[in-house]
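**Student:** Contents of upload_12.pdb (PDB, C-alpha atoms) are given next:
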```
ATOM      1  CA  MET A   1     159.734  37.587  74.117
ATOM      2  CA  ASP A   2     161.638  35.734  76.618
ATOM      3  CA  GLY A   3     163.080  33.509  73.913
ATOM      4  CA  VAL A   4     160.026  31.264  73.961
ATOM      5  CA  MET A   5     158.086  30.876  70.812
ATOM      6  CA  ARG A   6     154.398  30.927  71.286
ATOM      7  CA  THR A   7     152.303  28.499  69.275
ATOM      8  CA  LYS A   8     148.845  29.127  67.986
ATOM      9  CA  ASN A   9     146.087  27.444  69.944
ATOM     10  CA  GLN A  10     144.906  24.399  68.072
ATOM     11  CA  GLN A  11     141.143  24.221  68.381
ATOM     12  CA  LYS A  12     139.257  21.183  67.255
ATOM     13  CA  GLY A  13     135.737  21.261  65.806
ATOM     14  CA  PHE A  14     133.731  22.528  62.862
ATOM     15  CA  THR A  15     133.341  26.056  61.664
ATOM     16  CA  LEU A  16     129.918  27.624  61.326
ATOM     17  CA  ILE A  17     130.169  27.524  57.533
ATOM     18  CA  GLU A  18     130.903  23.801  57.568
ATOM     19  CA  LEU A  19     127.880  23.149  59.784
ATOM     20  CA  VAL A  20     125.582  25.229  57.558
ATOM     21  CA  ILE A  21     126.741  23.345  54.461
ATOM     22  CA  VAL A  22     126.120  19.958  56.101
ATOM     23  CA  VAL A  23     122.627  20.991  57.251
ATOM     24  CA  ALA A  24     121.813  22.255  53.735
ATOM     25  CA  ILE A  25     122.935  18.992  52.138
ATOM     26  CA  ILE A  26     120.913  16.920  54.608
ATOM     27  CA  SER A  27     117.817  19.075  53.938
ATOM     28  CA  ILE A  28     118.119  18.646  50.172
ATOM     29  CA  LEU A  29     118.503  14.883  50.514
ATOM     30  CA  ALA A  30     115.496  14.671  52.845
ATOM     31  CA  VAL A  31     113.232  16.630  50.477
ATOM     32  CA  SER A  32     114.274  14.604  47.435
ATOM     33  CA  GLY A  33     113.778  11.373  49.398
ATOM     34  CA  VAL A  34     110.179  12.305  50.238
ATOM     35  CA  ARG A  35     109.462  13.128  46.586
ATOM     36  CA  VAL A  36     110.909   9.794  45.434
ATOM     37  CA  ALA A  37     108.797   7.951  48.006
ATOM     38  CA  ASP A  38     105.633   9.727  46.786
ATOM     39  CA  GLU A  39     106.402   8.797  43.181
ATOM     40  CA  MET A  40     106.985   5.208  44.248
ATOM     41  CA  HIS A  41     103.459   4.924  45.700
ATOM     42  CA  LEU A  42     101.885   6.063  42.425
ATOM     43  CA  SER A  43     104.191   3.871  40.367
ATOM     44  CA  SER A  44     103.464   0.882  42.600
ATOM     45  CA  ALA A  45      99.686   1.344  42.303
ATOM     46  CA  ALA A  46      99.940   1.645  38.508
ATOM     47  CA  ARG A  47     102.140  -1.455  38.239
ATOM     48  CA  ARG A  48      99.779  -3.425  40.456
ATOM     49  CA  LEU A  49      96.738  -2.453  38.377
ATOM     50  CA  TYR A  50      98.654  -3.206  35.170
ATOM     51  CA  GLY A  51      99.461  -6.645  36.585
ATOM     52  CA  VAL A  52      95.810  -7.323  37.429
ATOM     53  CA  ILE A  53      94.712  -6.330  33.917
ATOM     54  CA  MET A  54      97.329  -8.647  32.419
ATOM     55  CA  GLN A  55      96.239 -11.379  34.837
ATOM     56  CA  GLY A  56      92.647 -10.917  33.622
ATOM     57  CA  LYS A  57      93.736 -11.373  30.017
ATOM     58  CA  GLY A  58      95.773 -14.460  30.903
ATOM     59  CA  GLU A  59      93.027 -16.019  33.020
ATOM     60  CA  ALA A  60      90.496 -15.509  30.220
ATOM     61  CA  VAL A  61      92.705 -17.533  27.875
ATOM     62  CA  LYS A  62      93.622 -20.125  30.508
ATOM     63  CA  ARG A  63      90.042 -20.684  31.682
ATOM     64  CA  ASN A  64      88.554 -20.307  28.180
ATOM     65  CA  ALA A  65      86.055 -17.939  29.785
ATOM     66  CA  PHE A  66      85.225 -14.261  30.058
ATOM     67  CA  CYS A  67      87.090 -12.511  32.879
ATOM     68  CA  THR A  68      85.928  -9.075  34.008
ATOM     69  CA  LEU A  69      87.592  -6.273  35.942
ATOM     70  CA  VAL A  70      85.090  -4.035  37.776
ATOM     71  CA  PHE A  71      85.920  -0.941  39.824
ATOM     72  CA  ASN A  72      84.225   0.145  43.090
ATOM     73  CA  GLN A  73      82.554  -3.245  43.389
ATOM     74  CA  VAL A  74      80.651  -4.290  46.524
ATOM     75  CA  VAL A  75      81.257  -7.891  47.605
ATOM     76  CA  GLY A  76      79.404  -8.778  50.778
ATOM     77  CA  PRO A  77      79.827  -5.951  53.301
ATOM     78  CA  ASP A  78      82.976  -4.545  51.641
ATOM     79  CA  THR A  79      83.588  -2.219  48.721
ATOM     80  CA  PHE A  80      86.695  -3.032  46.732
ATOM     81  CA  ARG A  81      88.638  -0.600  44.542
ATOM     82  CA  TYR A  82      88.540  -3.326  41.916
ATOM     83  CA  VAL A  83      87.547  -6.968  41.558
ATOM     84  CA  LEU A  84      88.699  -9.358  38.825
ATOM     85  CA  PHE A  85      86.438 -12.379  38.428
ATOM     86  CA  GLU A  86      85.387 -15.112  36.024
ATOM     87  CA  ASP A  87      82.257 -13.682  34.434
ATOM     88  CA  GLN A  88      80.237 -16.852  33.991
ATOM     89  CA  ASN A  89      77.161 -15.163  32.524
ATOM     90  CA  ARG A  90      79.149 -12.589  30.489
ATOM     91  CA  ASN A  91      77.247  -9.542  31.753
ATOM     92  CA  SER A  92      80.265  -7.532  33.066
ATOM     93  CA  GLU A  93      78.725  -7.531  36.564
ATOM     94  CA  TYR A  94      79.827  -9.450  39.623
ATOM     95  CA  ASP A  95      76.999 -11.759  40.654
ATOM     96  CA  ALA A  96      77.137 -12.966  44.260
ATOM     97  CA  LEU A  97      74.106 -15.190  43.777
ATOM     98  CA  PRO A  98      73.661 -18.025  43.494
ATOM     99  CA  ALA A  99      76.136 -18.647  46.274
ATOM    100  CA  PRO A 100      79.111 -18.774  46.354
ATOM    101  CA  GLY A 101      79.032 -16.275  43.486
ATOM    102  CA  GLU A 102      81.232 -15.914  40.443
ATOM    103  CA  PRO A 103      84.837 -16.958  41.166
ATOM    104  CA  ILE A 104      86.997 -14.013  42.254
ATOM    105  CA  ILE A 105      90.505 -14.064  40.814
ATOM    106  CA  ALA A 106      91.882 -10.880  42.417
ATOM    107  CA  ARG A 107      90.637  -7.899  44.390
ATOM    108  CA  GLN A 108      92.036  -4.780  46.009
ATOM    109  CA  GLN A 109      90.298  -3.133  48.932
ATOM    110  CA  GLN A 110      92.378   0.041  49.184
ATOM    111  CA  TRP A 111      94.755   1.898  46.928
ATOM    112  CA  GLU A 112      98.324   2.509  48.055
ATOM    113  CA  LYS A 113      98.993   5.475  50.355
ATOM    114  CA  ASN A 114      97.580   8.774  48.970
ATOM    115  CA  ILE A 115      96.520   7.168  45.657
ATOM    116  CA  VAL A 116      93.108   8.082  44.229
ATOM    117  CA  ILE A 117      91.236   7.907  40.953
ATOM    118  CA  ASN A 118      91.701  11.296  39.264
ATOM    119  CA  THR A 119      88.111  12.428  38.784
ATOM    120  CA  GLN A 120      89.301  15.535  36.936
ATOM    121  CA  GLN A 121      89.743  13.166  33.978
ATOM    122  CA  GLY A 122      87.496  10.690  32.196
ATOM    123  CA  GLY A 123      84.461  12.952  32.151
ATOM    124  CA  GLY A 124      84.534  13.371  35.925
ATOM    125  CA  THR A 125      84.804   9.682  36.812
ATOM    126  CA  GLY A 126      88.513   9.007  36.323
ATOM    127  CA  PHE A 127      87.716   6.281  33.776
ATOM    128  CA  THR A 128      87.086   6.147  30.043
ATOM    129  CA  ILE A 129      86.412   2.404  30.082
ATOM    130  CA  PRO A 130      82.708   1.554  29.662
ATOM    131  CA  ASP A 131      80.272   1.117  32.554
ATOM    132  CA  ASN A 132      78.294  -2.045  33.199
ATOM    133  CA  ASP A 133      74.545  -2.047  33.937
ATOM    134  CA  ASP A 134      75.329  -1.237  37.596
ATOM    135  CA  ASN A 135      77.057   1.981  36.379
ATOM    136  CA  LEU A 136      80.448   0.697  37.514
ATOM    137  CA  PRO A 137      83.485   1.031  35.242
ATOM    138  CA  SER A 138      84.288  -2.424  33.897
ATOM    139  CA  ILE A 139      86.129  -4.193  31.133
ATOM    140  CA  SER A 140      85.880  -7.868  30.210
ATOM    141  CA  PHE A 141      88.350 -10.046  28.365
ATOM    142  CA  LYS A 142      87.193 -12.759  25.965
ATOM    143  CA  PRO A 143      88.954 -16.140  25.865
ATOM    144  CA  ASN A 144      91.088 -14.707  23.032
ATOM    145  CA  SER A 145      92.078 -11.823  25.417
ATOM    146  CA  ILE A 146      90.290  -9.121  23.376
ATOM    147  CA  PRO A 147      88.641  -6.517  25.669
ATOM    148  CA  THR A 148      84.870  -6.230  25.478
ATOM    149  CA  ALA A 149      82.213  -4.018  26.966
ATOM    150  CA  ASN A 150      78.921  -4.905  28.549
ATOM    151  CA  GLY A 151      76.851  -5.926  25.544
ATOM    152  CA  GLY A 152      79.699  -7.558  23.650
ATOM    153  CA  GLY A 153      81.305  -4.759  21.648
ATOM    154  CA  ILE A 154      85.038  -4.265  21.558
ATOM    155  CA  ALA A 155      86.142  -1.981  24.392
ATOM    156  CA  ASN A 156      89.071   0.244  25.242
ATOM    157  CA  GLY A 157      89.770   3.052  27.660
ATOM    158  CA  THR A 158      91.956   4.659  30.285
ATOM    159  CA  ILE A 159      92.136   4.569  34.068
ATOM    160  CA  PHE A 160      93.582   7.719  35.658
ATOM    161  CA  LEU A 161      95.449   7.223  38.966
ATOM    162  CA  ALA A 162      96.778  10.235  40.885
ATOM    163  CA  ASP A 163      98.670  11.179  44.028
ATOM    164  CA  SER A 164      96.263  13.070  46.315
ATOM    165  CA  LYS A 165      99.109  14.933  48.059
ATOM    166  CA  PHE A 166      99.319  17.319  45.112
ATOM    167  CA  PRO A 167      96.677  20.078  44.851
ATOM    168  CA  ASP A 168      96.438  19.724  41.072
ATOM    169  CA  LEU A 169      95.929  16.001  40.552
ATOM    170  CA  ASP A 170      96.910  16.267  36.894
ATOM    171  CA  ASP A 171     100.476  17.094  37.974
ATOM    172  CA  ARG A 172     100.839  13.577  39.363
ATOM    173  CA  THR A 173      98.563  11.411  37.219
ATOM    174  CA  THR A 174      99.425   8.041  35.733
ATOM    175  CA  CYS A 175      97.357   6.663  32.861
ATOM    176  CA  ILE A 176      96.713   2.946  32.408
ATOM    177  CA  ILE A 177      95.565   2.607  28.802
ATOM    178  CA  ILE A 178      93.856  -0.479  27.359
ATOM    179  CA  ASN A 179      93.517  -0.403  23.569
ATOM    180  CA  ARG A 180      91.044  -2.331  21.401
ATOM    181  CA  SER A 181      93.473  -5.157  20.694
ATOM    182  CA  GLY A 182      94.004  -5.687  24.426
ATOM    183  CA  ASN A 183      97.442  -4.105  24.680
ATOM    184  CA  VAL A 184      98.000  -2.323  27.979
ATOM    185  CA  ARG A 185     100.460   0.468  28.665
ATOM    186  CA  VAL A 186     101.245   2.725  31.593
ATOM    187  CA  THR A 187     102.181   6.338  30.937
ATOM    188  CA  TYR A 188     102.022   9.768  32.525
ATOM    189  CA  TYR A 189      99.537  12.560  31.969
ATOM    190  CA  ASN A 190     101.089  15.528  30.142
ATOM    191  CA  THR A 191      99.578  18.747  31.544
ATOM    192  CA  VAL A 192     100.972  20.837  28.660
ATOM    193  CA  LEU A 193      99.314  18.717  25.959
ATOM    194  CA  ASN A 194      96.370  17.847  28.253
ATOM    195  CA  GLN A 195      96.576  14.153  27.368
ATOM    196  CA  CYS A 196      98.257  10.879  28.263
ATOM    197  CA  GLN A 197     101.573  10.347  26.508
TER     198      GLN A 197
END
```
Could you rewrite the structure in this file as structure tokens?

**Tutor:**
Amino acid sequence: MDGVMRTKNQQKGFTLIELVIVVAIISILAVSGVRVADEMHLSSAARRLYGVIMQGKGEAVKRNAFCTLVFNQVVGPDTFRYVLFEDQNRNSEYDALPAPGEPIIARQQQWEKNIVINTQQGGGTGFTIPDNDDNLPSISFKPNSIPTANGGGIANGTIFLADSKFPDLDDRTTCIIINRSGNVRVTYYNTVLNQCQ
């Protein structure tokens, strides 16, 4: 061929297979990133509630007073997911009167993104801790940090937090368990055994 060697055209770029593989890898990473973010919201809410419970125990000892954690508590015009306060009259209820009311130690107005109380558990309330006379779930800590119920008996129970993005809340439920000695632990709900682990 005229004594000239022809060279193969050198094309630069990616093949279709290479592009498909890259898109697949990016898709997998994106999906797993969303799942991790969802789990972080639930974990964050559970850790925050655990911290407030531990703060209640510590404040009870520090103040040498009863400290109570009440859920769905109205304070003024607002409803809070929970309120931790120094329970000066030891009735497990937040008393706004006489003004300025019982001292509030901590409160949370909203749960983290997509976090709810799992009302499929706890007899339909999402709680197994006792109710106060206002029918609000509450637990008090004595100055020795032992949990008590409204009326003075020793109390224990579980709070069930869930991620509302999942149709079956039990698939993404975290249990915050308070035992009778005041120990607190955070664990996950096991749907096979139908109990907290």

**Student:** I want to know what sits within 12 Å of Gly56 in chain A, based on all atoms listed in the file, with residues of the same chain fewer than 6 positions away left out; could you give that as a PyMOL selection string?

**Tutor:** chain A and resi 49-50+62-70+82-87+104-107+138-147+182+184

**Student:** Taking the file as shown, what set of residues would the PyMOL selection byres ((chain A and resi 166-180) around 9) give back, as a ChimeraX atom specification?

**Tutor:** /A:39,42-43,46,49-50,53,117-121,129,146-148,154-165,181-191,194,196-197

**Student:** Identify all residues satisfying the PyMOL selection byres ((chain A and resi 93) around 9) in the given file; provide them as a PDB file with C-alpha atoms, keeping the file's coordinate frame.

**Tutor:**
```
ATOM      1  CA  THR A  68      85.928  -9.075  34.008  1.00  0.00           C
ATOM      2  CA  LEU A  69      87.592  -6.273  35.942  1.00  0.00           C
ATOM      3  CA  VAL A  70      85.090  -4.035  37.776  1.00  0.00           C
ATOM      4  CA  GLN A  73      82.554  -3.245  43.389  1.00  0.00           C
ATOM      5  CA  ASP A  87      82.257 -13.682  34.434  1.00  0.00           C
ATOM      6  CA  ASN A  89      77.161 -15.163  32.524  1.00  0.00           C
ATOM      7  CA  ARG A  90      79.149 -12.589  30.489  1.00  0.00           C
ATOM      8  CA  ASN A  91      77.247  -9.542  31.753  1.00  0.00           C
ATOM      9  CA  SER A  92      80.265  -7.532  33.066  1.00  0.00           C
ATOM     10  CA  TYR A  94      79.827  -9.450  39.623  1.00  0.00           C
ATOM     11  CA  ASP A  95      76.999 -11.759  40.654  1.00  0.00           C
ATOM     12  CA  ASN A 132      78.294  -2.045  33.199  1.00  0.00           C
ATOM     13  CA  ASP A 133      74.545  -2.047  33.937  1.00  0.00           C
ATOM     14  CA  ASP A 134      75.329  -1.237  37.596  1.00  0.00           C
ATOM     15  CA  LEU A 136      80.448   0.697  37.514  1.00  0.00           C
ATOM     16  CA  SER A 138      84.288  -2.424  33.897  1.00  0.00           C
ATOM     17  CA  ASN A 150      78.921  -4.905  28.549  1.00  0.00           C
TER      18      ASN A 150
END
```

**Student:** CA of Pro130 in chain A to CA of Asn114 in chain A: how many Å, to one decimal?

**Tutor:**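 Between these atoms lies a distance of 25.4 Å.
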
**Student:** In Å to one decimal, how far is CA of Asp131 in chain A from CA of Gln55 in chain A?

**Tutor:**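 CA of Gln55 in chain A sits 20.4 Å away from CA of Asp131 in chain A.
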
**Student:** To one decimal in Å, tell me the separation between CA of Gln88 in chain A and CA of Asn72 in chain A.

**Tutor:**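 Taking CA of Gln88 in chain A and CA of Asn72 in chain A, their separation equals 19.7 Å.
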
**Student:** Which residue, A:Gln108, A:Thr79, A:Asn135, A:Gln195, has the smallest gap to Gly122 in chain A when you use only C-alpha atoms?

**Tutor:**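 Among the listed residues, A:Gln195 lies closest to Gly122 in chain A.
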
**Student:** Do you know which residues the PyMOL selection byres ((chain A and resi 112) around 8) returns on this file, as JSON, numbers by chain?

**Tutor:** {"A": [41, 42, 44, 45, 110, 111, 113, 114, 115]}

**Student:** Could the residues in this selection be saved with C-alpha atoms as a PDB file, in the frame of the given file?

**Tutor:**
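Result file is out.pdb:
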```pdb
ATOM      1  CA  HIS A  41     103.459   4.924  45.700  1.00  0.00           C
ATOM      2  CA  LEU A  42     101.885   6.063  42.425  1.00  0.00           C
ATOM      3  CA  SER A  44     103.464   0.882  42.600  1.00  0.00           C
ATOM      4  CA  ALA A  45      99.686   1.344  42.303  1.00  0.00           C
ATOM      5  CA  GLN A 110      92.378   0.041  49.184  1.00  0.00           C
ATOM      6  CA  TRP A 111      94.755   1.898  46.928  1.00  0.00           C
ATOM      7  CA  LYS A 113      98.993   5.475  50.355  1.00  0.00           C
ATOM      8  CA  ASN A 114      97.580   8.774  48.970  1.00  0.00           C
ATOM      9  CA  ILE A 115      96.520   7.168  45.657  1.00  0.00           C
TER      10      ILE A 115
END
```
